[in-house]
Amino acid sequence: SSPLPGTIKKINITVGATVKAGDSLMIMEAMKMENSIATDYAGTVKRLLVKEGTTVAADAPMIEIEA
């Protein structure tokens, strides 16, 4: 889920990708700063719930990862 409100600038992963805890999943612009959004979980990306350019609210779900 989104740690803060912002706009998705770049998505670094695709559906089906295997990720590990700490991997950077996307870049979000918030308060005129670019923030790397990392995962706390390891697993396989099942669904992307946002696209580049999407504006999200704090705590909004963005990616589904299955262990």
# chains A, B, ... in the order shown; residues from 1 in each chain; ligands from 1

call {"tool": "select_by_dssp", "arguments": {"residues": "chain A", "states": "strand (DSSP E or B)", "output": "PyMOL selection string"}}
result
chain A and resi 6-11+18-19+24-30+33-38+43-48+55-56+63-66

call {"tool": "write_last_selection", "arguments": {"atoms": "N, CA and C atoms", "output": "mmCIF file, in the first residue's frame"}}
result
data_model
loop_
_atom_site.group_PDB
_atom_site.id
_atom_site.type_symbol
_atom_site.label_atom_id
_atom_site.label_comp_id
_atom_site.auth_asym_id
_atom_site.auth_seq_id
_atom_site.Cartn_x
_atom_site.Cartn_y
_atom_site.Cartn_z
ATOM 1 N N GLY A 6 0.579 10.560 -3.482
ATOM 2 C CA GLY A 6 1.499 10.996 -4.524
ATOM 3 C C GLY A 6 1.098 10.469 -5.879
ATOM 4 N N THR A 7 1.993 10.649 -6.853
ATOM 5 C CA THR A 7 1.767 10.223 -8.230
ATOM 6 C C THR A 7 2.829 9.211 -8.623
ATOM 7 N N ILE A 8 2.407 8.113 -9.244
ATOM 8 C CA ILE A 8 3.333 7.077 -9.682
ATOM 9 C C ILE A 8 4.068 7.582 -10.924
ATOM 10 N N LYS A 9 5.393 7.666 -10.839
ATOM 11 C CA LYS A 9 6.203 8.155 -11.955
ATOM 12 C C LYS A 9 6.750 7.014 -12.803
ATOM 13 N N LYS A 10 7.190 5.922 -12.159
ATOM 14 C CA LYS A 10 7.775 4.806 -12.901
ATOM 15 C C LYS A 10 7.524 3.513 -12.137
ATOM 16 N N ILE A 11 7.162 2.466 -12.872
ATOM 17 C CA ILE A 11 6.979 1.142 -12.285
ATOM 18 C C ILE A 11 8.151 0.277 -12.734
ATOM 19 N N THR A 18 9.479 -12.027 -9.810
ATOM 20 C CA THR A 18 9.790 -12.472 -8.460
ATOM 21 C C THR A 18 10.531 -11.344 -7.756
ATOM 22 N N VAL A 19 10.066 -10.983 -6.554
ATOM 23 C CA VAL A 19 10.687 -9.898 -5.798
ATOM 24 C C VAL A 19 11.097 -10.398 -4.416
ATOM 25 N N SER A 24 13.082 -2.335 -4.967
ATOM 26 C CA SER A 24 12.360 -1.132 -5.367
ATOM 27 C C SER A 24 11.324 -1.506 -6.416
ATOM 28 N N LEU A 25 10.057 -1.247 -6.123
ATOM 29 C CA LEU A 25 8.971 -1.610 -7.033
ATOM 30 C C LEU A 25 8.579 -0.472 -7.958
ATOM 31 N N MET A 26 8.656 0.759 -7.440
ATOM 32 C CA MET A 26 8.234 1.910 -8.242
ATOM 33 C C MET A 26 8.809 3.193 -7.667
ATOM 34 N N ILE A 27 8.700 4.243 -8.465
ATOM 35 C CA ILE A 27 9.093 5.583 -8.048
ATOM 36 C C ILE A 27 7.823 6.414 -7.957
ATOM 37 N N MET A 28 7.649 7.077 -6.814
ATOM 38 C CA MET A 28 6.471 7.913 -6.575
ATOM 39 C C MET A 28 6.924 9.347 -6.327
ATOM 40 N N GLU A 29 6.234 10.293 -6.950
ATOM 41 C CA GLU A 29 6.495 11.702 -6.675
ATOM 42 C C GLU A 29 5.503 12.185 -5.624
ATOM 43 N N ALA A 30 6.044 12.720 -4.534
ATOM 44 C CA ALA A 30 5.215 13.253 -3.454
ATOM 45 C C ALA A 30 5.898 14.498 -2.920
ATOM 46 N N MET A 33 9.149 15.582 -4.528
ATOM 47 C CA MET A 33 10.318 14.717 -4.355
ATOM 48 C C MET A 33 10.001 13.334 -4.913
ATOM 49 N N GLU A 34 11.016 12.681 -5.513
ATOM 50 C CA GLU A 34 10.832 11.325 -5.999
ATOM 51 C C GLU A 34 11.257 10.343 -4.909
ATOM 52 N N ASN A 35 10.368 9.412 -4.589
ATOM 53 C CA ASN A 35 10.597 8.430 -3.531
ATOM 54 C C ASN A 35 10.564 7.032 -4.119
ATOM 55 N N SER A 36 11.554 6.217 -3.773
ATOM 56 C CA SER A 36 11.565 4.826 -4.184
ATOM 57 C C SER A 36 10.656 4.052 -3.236
ATOM 58 N N ILE A 37 9.722 3.298 -3.788
ATOM 59 C CA ILE A 37 8.805 2.494 -2.987
ATOM 60 C C ILE A 37 9.293 1.048 -3.047
ATOM 61 N N ALA A 38 9.690 0.525 -1.897
ATOM 62 C CA ALA A 38 10.220 -0.836 -1.811
ATOM 63 C C ALA A 38 9.187 -1.749 -1.158
ATOM 64 N N GLY A 43 8.106 -12.614 -2.883
ATOM 65 C CA GLY A 43 7.090 -13.409 -3.558
ATOM 66 C C GLY A 43 7.016 -13.080 -5.036
ATOM 67 N N THR A 44 5.859 -13.365 -5.618
ATOM 68 C CA THR A 44 5.609 -13.136 -7.037
ATOM 69 C C THR A 44 4.551 -12.060 -7.195
ATOM 70 N N VAL A 45 4.804 -11.112 -8.099
ATOM 71 C CA VAL A 45 3.842 -10.042 -8.358
ATOM 72 C C VAL A 45 2.650 -10.641 -9.096
ATOM 73 N N LYS A 46 1.462 -10.563 -8.476
ATOM 74 C CA LYS A 46 0.239 -11.119 -9.068
ATOM 75 C C LYS A 46 -0.556 -10.075 -9.830
ATOM 76 N N ARG A 47 -0.573 -8.835 -9.307
ATOM 77 C CA ARG A 47 -1.375 -7.787 -9.947
ATOM 78 C C ARG A 47 -0.784 -6.426 -9.668
ATOM 79 N N LEU A 48 -0.790 -5.564 -10.679
ATOM 80 C CA LEU A 48 -0.465 -4.153 -10.504
ATOM 81 C C LEU A 48 -1.787 -3.400 -10.454
ATOM 82 N N THR A 55 -2.534 8.866 -9.596
ATOM 83 C CA THR A 55 -2.424 9.547 -8.304
ATOM 84 C C THR A 55 -3.066 8.651 -7.264
ATOM 85 N N VAL A 56 -2.342 8.407 -6.169
ATOM 86 C CA VAL A 56 -2.842 7.526 -5.121
ATOM 87 C C VAL A 56 -2.922 8.257 -3.780
ATOM 88 N N ILE A 63 -0.005 -2.887 -5.322
ATOM 89 C CA ILE A 63 0.504 -4.113 -5.915
ATOM 90 C C ILE A 63 0.070 -5.295 -5.056
ATOM 91 N N GLU A 64 -0.252 -6.415 -5.707
ATOM 92 C CA GLU A 64 -0.515 -7.666 -4.974
ATOM 93 C C GLU A 64 0.671 -8.586 -5.170
ATOM 94 N N ILE A 65 1.242 -9.043 -4.045
ATOM 95 C CA ILE A 65 2.362 -9.982 -4.079
ATOM 96 C C ILE A 65 1.934 -11.244 -3.348
ATOM 97 N N GLU A 66 2.132 -12.384 -4.006
ATOM 98 C CA GLU A 66 1.787 -13.662 -3.396
ATOM 99 C C GLU A 66 3.062 -14.361 -2.961
#

call {"tool": "residues_around", "arguments": {"residues": "region 57-62 of chain A", "least_positions_apart": "5", "cutoff": "8 Å", "atoms": "only C-alpha atoms", "output": "PDB file with C-alpha atoms, in the first residue's frame"}}
result
ATOM      1  CA  SER A   1       0.000   0.000   0.000  1.00  0.00           C
ATOM      2  CA  SER A   2       1.045   3.594  -0.539  1.00  0.00           C
ATOM      3  CA  PRO A   3       3.038   5.094   2.337  1.00  0.00           C
ATOM      4  CA  LEU A   4       1.879   8.621   1.433  1.00  0.00           C
ATOM      5  CA  PRO A   5      -0.234  10.395  -1.201  1.00  0.00           C
ATOM      6  CA  GLY A   6       1.499  10.996  -4.524  1.00  0.00           C
ATOM      7  CA  LEU A  48      -0.465  -4.153 -10.504  1.00  0.00           C
ATOM      8  CA  LEU A  49      -3.277  -1.950  -9.223  1.00  0.00           C
ATOM      9  CA  VAL A  50      -1.768   1.330 -10.495  1.00  0.00           C
TER      10      VAL A  50
END

call {"tool": "atom_distance", "arguments": {"atom1": "CA of Gly53 (chain A)", "atom2": "CA of Asn12 (chain A)"}}
result
13.6 Å

call {"tool": "residues_around", "arguments": {"residues": "Ala42 (chain A)", "least_positions_apart": "2", "cutoff": "7 Å", "atoms": "only C-alpha atoms", "output": "VMD selection string"}}
result
chain A and resid 19 to 21 67

call {"tool": "write_last_selection", "arguments": {"atoms": "C-alpha atoms", "output": "short mmCIF file (atom, residue, chain, number, x, y, z; two decimals), in the first residue's frame"}}
result
data_model
loop_
_atom_site.label_atom_id
_atom_site.label_comp_id
_atom_site.auth_asym_id
_atom_site.auth_seq_id
_atom_site.Cartn_x
_atom_site.Cartn_y
_atom_site.Cartn_z
CA VAL A 19 10.69 -9.90 -5.80
CA LYS A 20 12.46 -10.03 -2.47
CA ALA A 21 12.08 -7.82 0.58
CA ALA A 67 4.29 -15.50 -1.20
#

call {"tool": "decode", "arguments": {"residues": "region 39-59 of chain A", "atoms": "N, CA, C and O atoms", "output": "PDB file, in the first residue's frame"}}
result
ATOM      1  N   THR A  39       9.365  -3.047  -1.380  1.00  0.00           N
ATOM      2  CA  THR A  39       8.473  -4.034  -0.776  1.00  0.00           C
ATOM      3  C   THR A  39       9.047  -4.568   0.534  1.00  0.00           C
ATOM      4  O   THR A  39      10.264  -4.666   0.683  1.00  0.00           O
ATOM      5  N   ASP A  40       8.169  -4.898   1.441  1.00  0.00           N
ATOM      6  CA  ASP A  40       8.554  -5.543   2.693  1.00  0.00           C
ATOM      7  C   ASP A  40       8.424  -7.063   2.567  1.00  0.00           C
ATOM      8  O   ASP A  40       8.737  -7.784   3.501  1.00  0.00           O
ATOM      9  N   TYR A  41       7.946  -7.522   1.422  1.00  0.00           N
ATOM     10  CA  TYR A  41       7.614  -8.929   1.246  1.00  0.00           C
ATOM     11  C   TYR A  41       8.379  -9.555   0.091  1.00  0.00           C
ATOM     12  O   TYR A  41       8.721  -8.876  -0.876  1.00  0.00           O
ATOM     13  N   ALA A  42       8.594 -10.850   0.166  1.00  0.00           N
ATOM     14  CA  ALA A  42       9.159 -11.620  -0.938  1.00  0.00           C
ATOM     15  C   ALA A  42       8.031 -12.419  -1.577  1.00  0.00           C
ATOM     16  O   ALA A  42       7.087 -12.819  -0.897  1.00  0.00           O
ATOM     17  N   GLY A  43       8.106 -12.614  -2.883  1.00  0.00           N
ATOM     18  CA  GLY A  43       7.090 -13.409  -3.558  1.00  0.00           C
ATOM     19  C   GLY A  43       7.016 -13.080  -5.036  1.00  0.00           C
ATOM     20  O   GLY A  43       7.961 -12.560  -5.623  1.00  0.00           O
ATOM     21  N   THR A  44       5.859 -13.365  -5.618  1.00  0.00           N
ATOM     22  CA  THR A  44       5.609 -13.136  -7.037  1.00  0.00           C
ATOM     23  C   THR A  44       4.551 -12.060  -7.195  1.00  0.00           C
ATOM     24  O   THR A  44       3.517 -12.105  -6.528  1.00  0.00           O
ATOM     25  N   VAL A  45       4.804 -11.112  -8.099  1.00  0.00           N
ATOM     26  CA  VAL A  45       3.842 -10.042  -8.358  1.00  0.00           C
ATOM     27  C   VAL A  45       2.650 -10.641  -9.096  1.00  0.00           C
ATOM     28  O   VAL A  45       2.796 -11.199 -10.182  1.00  0.00           O
ATOM     29  N   LYS A  46       1.462 -10.563  -8.476  1.00  0.00           N
ATOM     30  CA  LYS A  46       0.239 -11.119  -9.068  1.00  0.00           C
ATOM     31  C   LYS A  46      -0.556 -10.075  -9.830  1.00  0.00           C
ATOM     32  O   LYS A  46      -1.164 -10.390 -10.852  1.00  0.00           O
ATOM     33  N   ARG A  47      -0.573  -8.835  -9.307  1.00  0.00           N
ATOM     34  CA  ARG A  47      -1.375  -7.787  -9.947  1.00  0.00           C
ATOM     35  C   ARG A  47      -0.784  -6.426  -9.668  1.00  0.00           C
ATOM     36  O   ARG A  47      -0.330  -6.152  -8.562  1.00  0.00           O
ATOM     37  N   LEU A  48      -0.790  -5.564 -10.679  1.00  0.00           N
ATOM     38  CA  LEU A  48      -0.465  -4.153 -10.504  1.00  0.00           C
ATOM     39  C   LEU A  48      -1.787  -3.400 -10.454  1.00  0.00           C
ATOM     40  O   LEU A  48      -2.596  -3.514 -11.371  1.00  0.00           O
ATOM     41  N   LEU A  49      -2.014  -2.656  -9.393  1.00  0.00           N
ATOM     42  CA  LEU A  49      -3.277  -1.950  -9.223  1.00  0.00           C
ATOM     43  C   LEU A  49      -3.177  -0.484  -9.625  1.00  0.00           C
ATOM     44  O   LEU A  49      -4.169   0.236  -9.544  1.00  0.00           O
ATOM     45  N   VAL A  50      -1.985  -0.049 -10.052  1.00  0.00           N
ATOM     46  CA  VAL A  50      -1.768   1.330 -10.495  1.00  0.00           C
ATOM     47  C   VAL A  50      -1.002   1.314 -11.810  1.00  0.00           C
ATOM     48  O   VAL A  50      -0.411   0.302 -12.183  1.00  0.00           O
ATOM     49  N   LYS A  51      -1.020   2.438 -12.500  1.00  0.00           N
ATOM     50  CA  LYS A  51      -0.259   2.645 -13.740  1.00  0.00           C
ATOM     51  C   LYS A  51       0.602   3.884 -13.548  1.00  0.00           C
ATOM     52  O   LYS A  51       0.350   4.693 -12.654  1.00  0.00           O
ATOM     53  N   GLU A  52       1.595   4.048 -14.415  1.00  0.00           N
ATOM     54  CA  GLU A  52       2.379   5.278 -14.372  1.00  0.00           C
ATOM     55  C   GLU A  52       1.435   6.450 -14.622  1.00  0.00           C
ATOM     56  O   GLU A  52       0.567   6.393 -15.491  1.00  0.00           O
ATOM     57  N   GLY A  53       1.542   7.481 -13.798  1.00  0.00           N
ATOM     58  CA  GLY A  53       0.669   8.645 -13.903  1.00  0.00           C
ATOM     59  C   GLY A  53      -0.509   8.616 -12.941  1.00  0.00           C
ATOM     60  O   GLY A  53      -1.188   9.617 -12.760  1.00  0.00           O
ATOM     61  N   THR A  54      -0.760   7.460 -12.314  1.00  0.00           N
ATOM     62  CA  THR A  54      -1.855   7.335 -11.358  1.00  0.00           C
ATOM     63  C   THR A  54      -1.555   8.128 -10.091  1.00  0.00           C
ATOM     64  O   THR A  54      -0.451   8.066  -9.568  1.00  0.00           O
ATOM     65  N   THR A  55      -2.534   8.866  -9.596  1.00  0.00           N
ATOM     66  CA  THR A  55      -2.424   9.547  -8.304  1.00  0.00           C
ATOM     67  C   THR A  55      -3.066   8.651  -7.264  1.00  0.00           C
ATOM     68  O   THR A  55      -4.183   8.173  -7.457  1.00  0.00           O
ATOM     69  N   VAL A  56      -2.342   8.407  -6.169  1.00  0.00           N
ATOM     70  CA  VAL A  56      -2.842   7.526  -5.121  1.00  0.00           C
ATOM     71  C   VAL A  56      -2.922   8.257  -3.780  1.00  0.00           C
ATOM     72  O   VAL A  56      -2.170   9.188  -3.527  1.00  0.00           O
ATOM     73  N   ALA A  57      -3.829   7.806  -2.945  1.00  0.00           N
ATOM     74  CA  ALA A  57      -3.963   8.335  -1.581  1.00  0.00           C
ATOM     75  C   ALA A  57      -3.087   7.505  -0.649  1.00  0.00           C
ATOM     76  O   ALA A  57      -2.670   6.396  -0.995  1.00  0.00           O
ATOM     77  N   ALA A  58      -2.835   8.019   0.528  1.00  0.00           N
ATOM     78  CA  ALA A  58      -2.095   7.258   1.537  1.00  0.00           C
ATOM     79  C   ALA A  58      -2.842   5.970   1.857  1.00  0.00           C
ATOM     80  O   ALA A  58      -4.074   5.958   1.919  1.00  0.00           O
ATOM     81  N   ASP A  59      -2.125   4.894   2.010  1.00  0.00           N
ATOM     82  CA  ASP A  59      -2.651   3.556   2.333  1.00  0.00           C
ATOM     83  C   ASP A  59      -3.427   2.895   1.202  1.00  0.00           C
ATOM     84  O   ASP A  59      -4.057   1.855   1.424  1.00  0.00           O
TER      85      ASP A  59
END
